[in-house]
Amino acid sequence: MIRVLVVDDDFMVARIHERFVDRTDGFVVAGTAGTGAEALAAVAELGPDLVLLDVHLPDMDGIEVLRSLRAAGHGVGVIMVTAERDAGVVRAALLGGAQQYLVKPFEYPQLAERLRAVARSLTALPTQTEPDQSAIDRAFGGGTVGAAPLPKGLSAETAASVLAALSGAGEVSAAEAAERVGLSRVSARRYLEHFVQTGRATVRLRYGTAGRPERRYLLD
């Protein structure tokens with residue numbers, strides 16, 4: 001069982017997230033915390049495998065909590081669960097070592113998908129042998145960015161930021177991804193189309209009243 005610490009300052013929201021965790025096979029709630037300080041203390045005391053971490057907490061933001069966990073040497077998995085959509089925050093979460101980023105509000109299947117993705121990462125590496133590259137790629141999220149060579153002119157760092165924005169939103173257009181990451185729409189679309197070509201994302205066409213349908217990108 002993967003033991004999960006739920007961190008949210010809203011009591012009712014925390015209860016909902018607890019129910020979602022308990023509903024998912026292979027996961028159990030280890031505890032809850034309503035502040036950053038409580039979260040750090042709970043990780044030290046309870047030793048959970050995974051933390052569902054809100055960004056907006058009353059004493060410190062979730063990015064500070066994440067950085068404090070890493071600075072203290074805690075290898076606990078982290079899923080950011082927040083209403084915050086700022087591209088800088090998403091990038092900070094990615095670079096700080098969060099495995100997933102899920103934007104509120106969301107439904108149970110969206111959280112369950114991310115819980116299972118983290119579970120695959122946590123269990124990917126063999127404990128008694130040297131892992132091969134495929135096992136390492138699975139541990140790093142299935143080889144999200146490095147699974148296929150990036151086309152000329154695309155950078156791995158920006159690709160990771162675009163993928164984090166896509167993961168956080170669940171579904172984006174090229175214009176929305178560009179706004180979140182701070183790119184031009186054309187550049188964002190190049191990254192998104194690369195993810196489609198390499199099987200990391202799919203496209204849904206949204207038809208309006210006139211003109212071409214809008215291409216909406218979803219994680220595969």
# chains A, B, ... in the order shown; residues from 1 in each chain; ligands from 1
$ residues_around --residues "Gly97 of chain A" --least-positions-apart "3" --cutoff "10 Å" --atoms "only C-alpha atoms" --output "list in words"
Ile63, Leu66, Arg67, Leu69, Arg70, Gly75, Val76, Gly77, Val78, Ile79, Ala92, Ala93, Leu94 and Gln100 of chain A
$ residues_around --residues "segment 1-5 of chain A" --least-positions-apart "3" --cutoff "6 Å" --atoms "only C-alpha atoms" --output "NGL selection string"
:A and (26-32 or 48-51)
$ write_last_selection --atoms "N, CA and C atoms" --output "tab-separated table (two decimals), in the first residue's frame"
chain	number	residue	atom	x	y	z
A	26	GLY	N	-4.68	0.26	-3.75
A	26	GLY	CA	-3.25	0.35	-3.53
A	26	GLY	C	-2.82	1.58	-2.76
A	27	PHE	N	-3.78	2.45	-2.36
A	27	PHE	CA	-3.46	3.68	-1.65
A	27	PHE	C	-4.27	3.77	-0.36
A	28	VAL	N	-3.66	4.37	0.66
A	28	VAL	CA	-4.33	4.57	1.93
A	28	VAL	C	-3.88	5.90	2.52
A	29	VAL	N	-4.79	6.60	3.21
A	29	VAL	CA	-4.46	7.88	3.83
A	29	VAL	C	-3.65	7.63	5.09
A	30	ALA	N	-2.46	8.24	5.16
A	30	ALA	CA	-1.62	8.11	6.34
A	30	ALA	C	-1.89	9.21	7.34
A	31	GLY	N	-2.41	10.36	6.88
A	31	GLY	CA	-2.68	11.49	7.76
A	31	GLY	C	-3.03	12.72	6.96
A	32	THR	N	-3.36	13.79	7.67
A	32	THR	CA	-3.69	15.06	7.03
A	32	THR	C	-2.94	16.19	7.74
A	48	PRO	N	5.26	9.13	5.08
A	48	PRO	CA	4.39	8.70	3.98
A	48	PRO	C	5.20	8.47	2.70
A	49	ASP	N	4.59	7.75	1.77
A	49	ASP	CA	5.22	7.53	0.47
A	49	ASP	C	4.93	8.67	-0.49
A	50	LEU	N	3.80	9.36	-0.25
A	50	LEU	CA	3.32	10.36	-1.21
A	50	LEU	C	2.60	11.47	-0.46
A	51	VAL	N	2.76	12.70	-0.93
A	51	VAL	CA	2.06	13.85	-0.35
A	51	VAL	C	1.21	14.52	-1.42
$ atom_distance --atom1 "atom CA of Leu46 of chain A" --atom2 "atom CA of Ser68 of chain A"
16.4 Å
$ select_by_dssp --residues "segment 12-144 of chain A" --states "alpha helix (DSSP H)" --output "count of residues only"
65
$ atom_distance --atom1 "atom CA of Val43 of chain A" --atom2 "atom CA of Asp22 of chain A"
18.8 Å
$ closest_residue --among "A:Val90, A:Phe20, A:Gly34, A:Leu192" --to "Glu107 of chain A" --atoms "only C-alpha atoms"
A:Phe20
$ residues_around --residues "segment 215-220 of chain A" --least-positions-apart "6" --cutoff "8 Å" --atoms "only C-alpha atoms" --output "PyMOL selection string"
chain A and resi 166-167+170-174+192+199-206
$ atom_distance --atom1 "atom CA of Leu154 of chain A" --atom2 "atom CA of Ala177 of chain A"
15.2 Å
$ residues_around --residues "Tyr101 of chain A" --least-positions-apart "3" --cutoff "12 Å" --atoms "only C-alpha atoms" --output "VMD selection string"
chain A and resid 51 to 55 62 to 63 77 to 87 89 to 98 104 106 110 to 111 113 to 115 117 to 118 161 163 to 170
$ select_by_dssp --residues "segment 61-98 of chain A" --states "strand (DSSP E)" --output "PyMOL selection string"
chain A and resi 77-82
$ write_last_selection --atoms "C-alpha atoms" --output "mmCIF file, in the first residue's frame"
data_model
loop_
_atom_site.group_PDB
_atom_site.id
_atom_site.type_symbol
_atom_site.label_atom_id
_atom_site.label_comp_id
_atom_site.auth_asym_id
_atom_site.auth_seq_id
_atom_site.Cartn_x
_atom_site.Cartn_y
_atom_site.Cartn_z
ATOM 1 C CA GLY A 77 6.649 11.596 -3.800
ATOM 2 C CA VAL A 78 4.687 14.825 -4.232
ATOM 3 C CA ILE A 79 1.597 15.680 -6.253
ATOM 4 C CA MET A 80 0.777 19.387 -6.229
ATOM 5 C CA VAL A 81 -3.004 19.740 -5.886
ATOM 6 C CA THR A 82 -3.984 23.385 -6.237
#
$ residues_around --residues "Lys152 of chain A" --least-positions-apart "6" --cutoff "12 Å" --atoms "only C-alpha atoms" --output "PyMOL selection string"
chain A and resi 190-191+194
$ residues_around --residues "Ser184 of chain A" --least-positions-apart "5" --cutoff "8 Å" --atoms "only C-alpha atoms" --output "PyMOL selection string"
chain A and resi 175+178-179
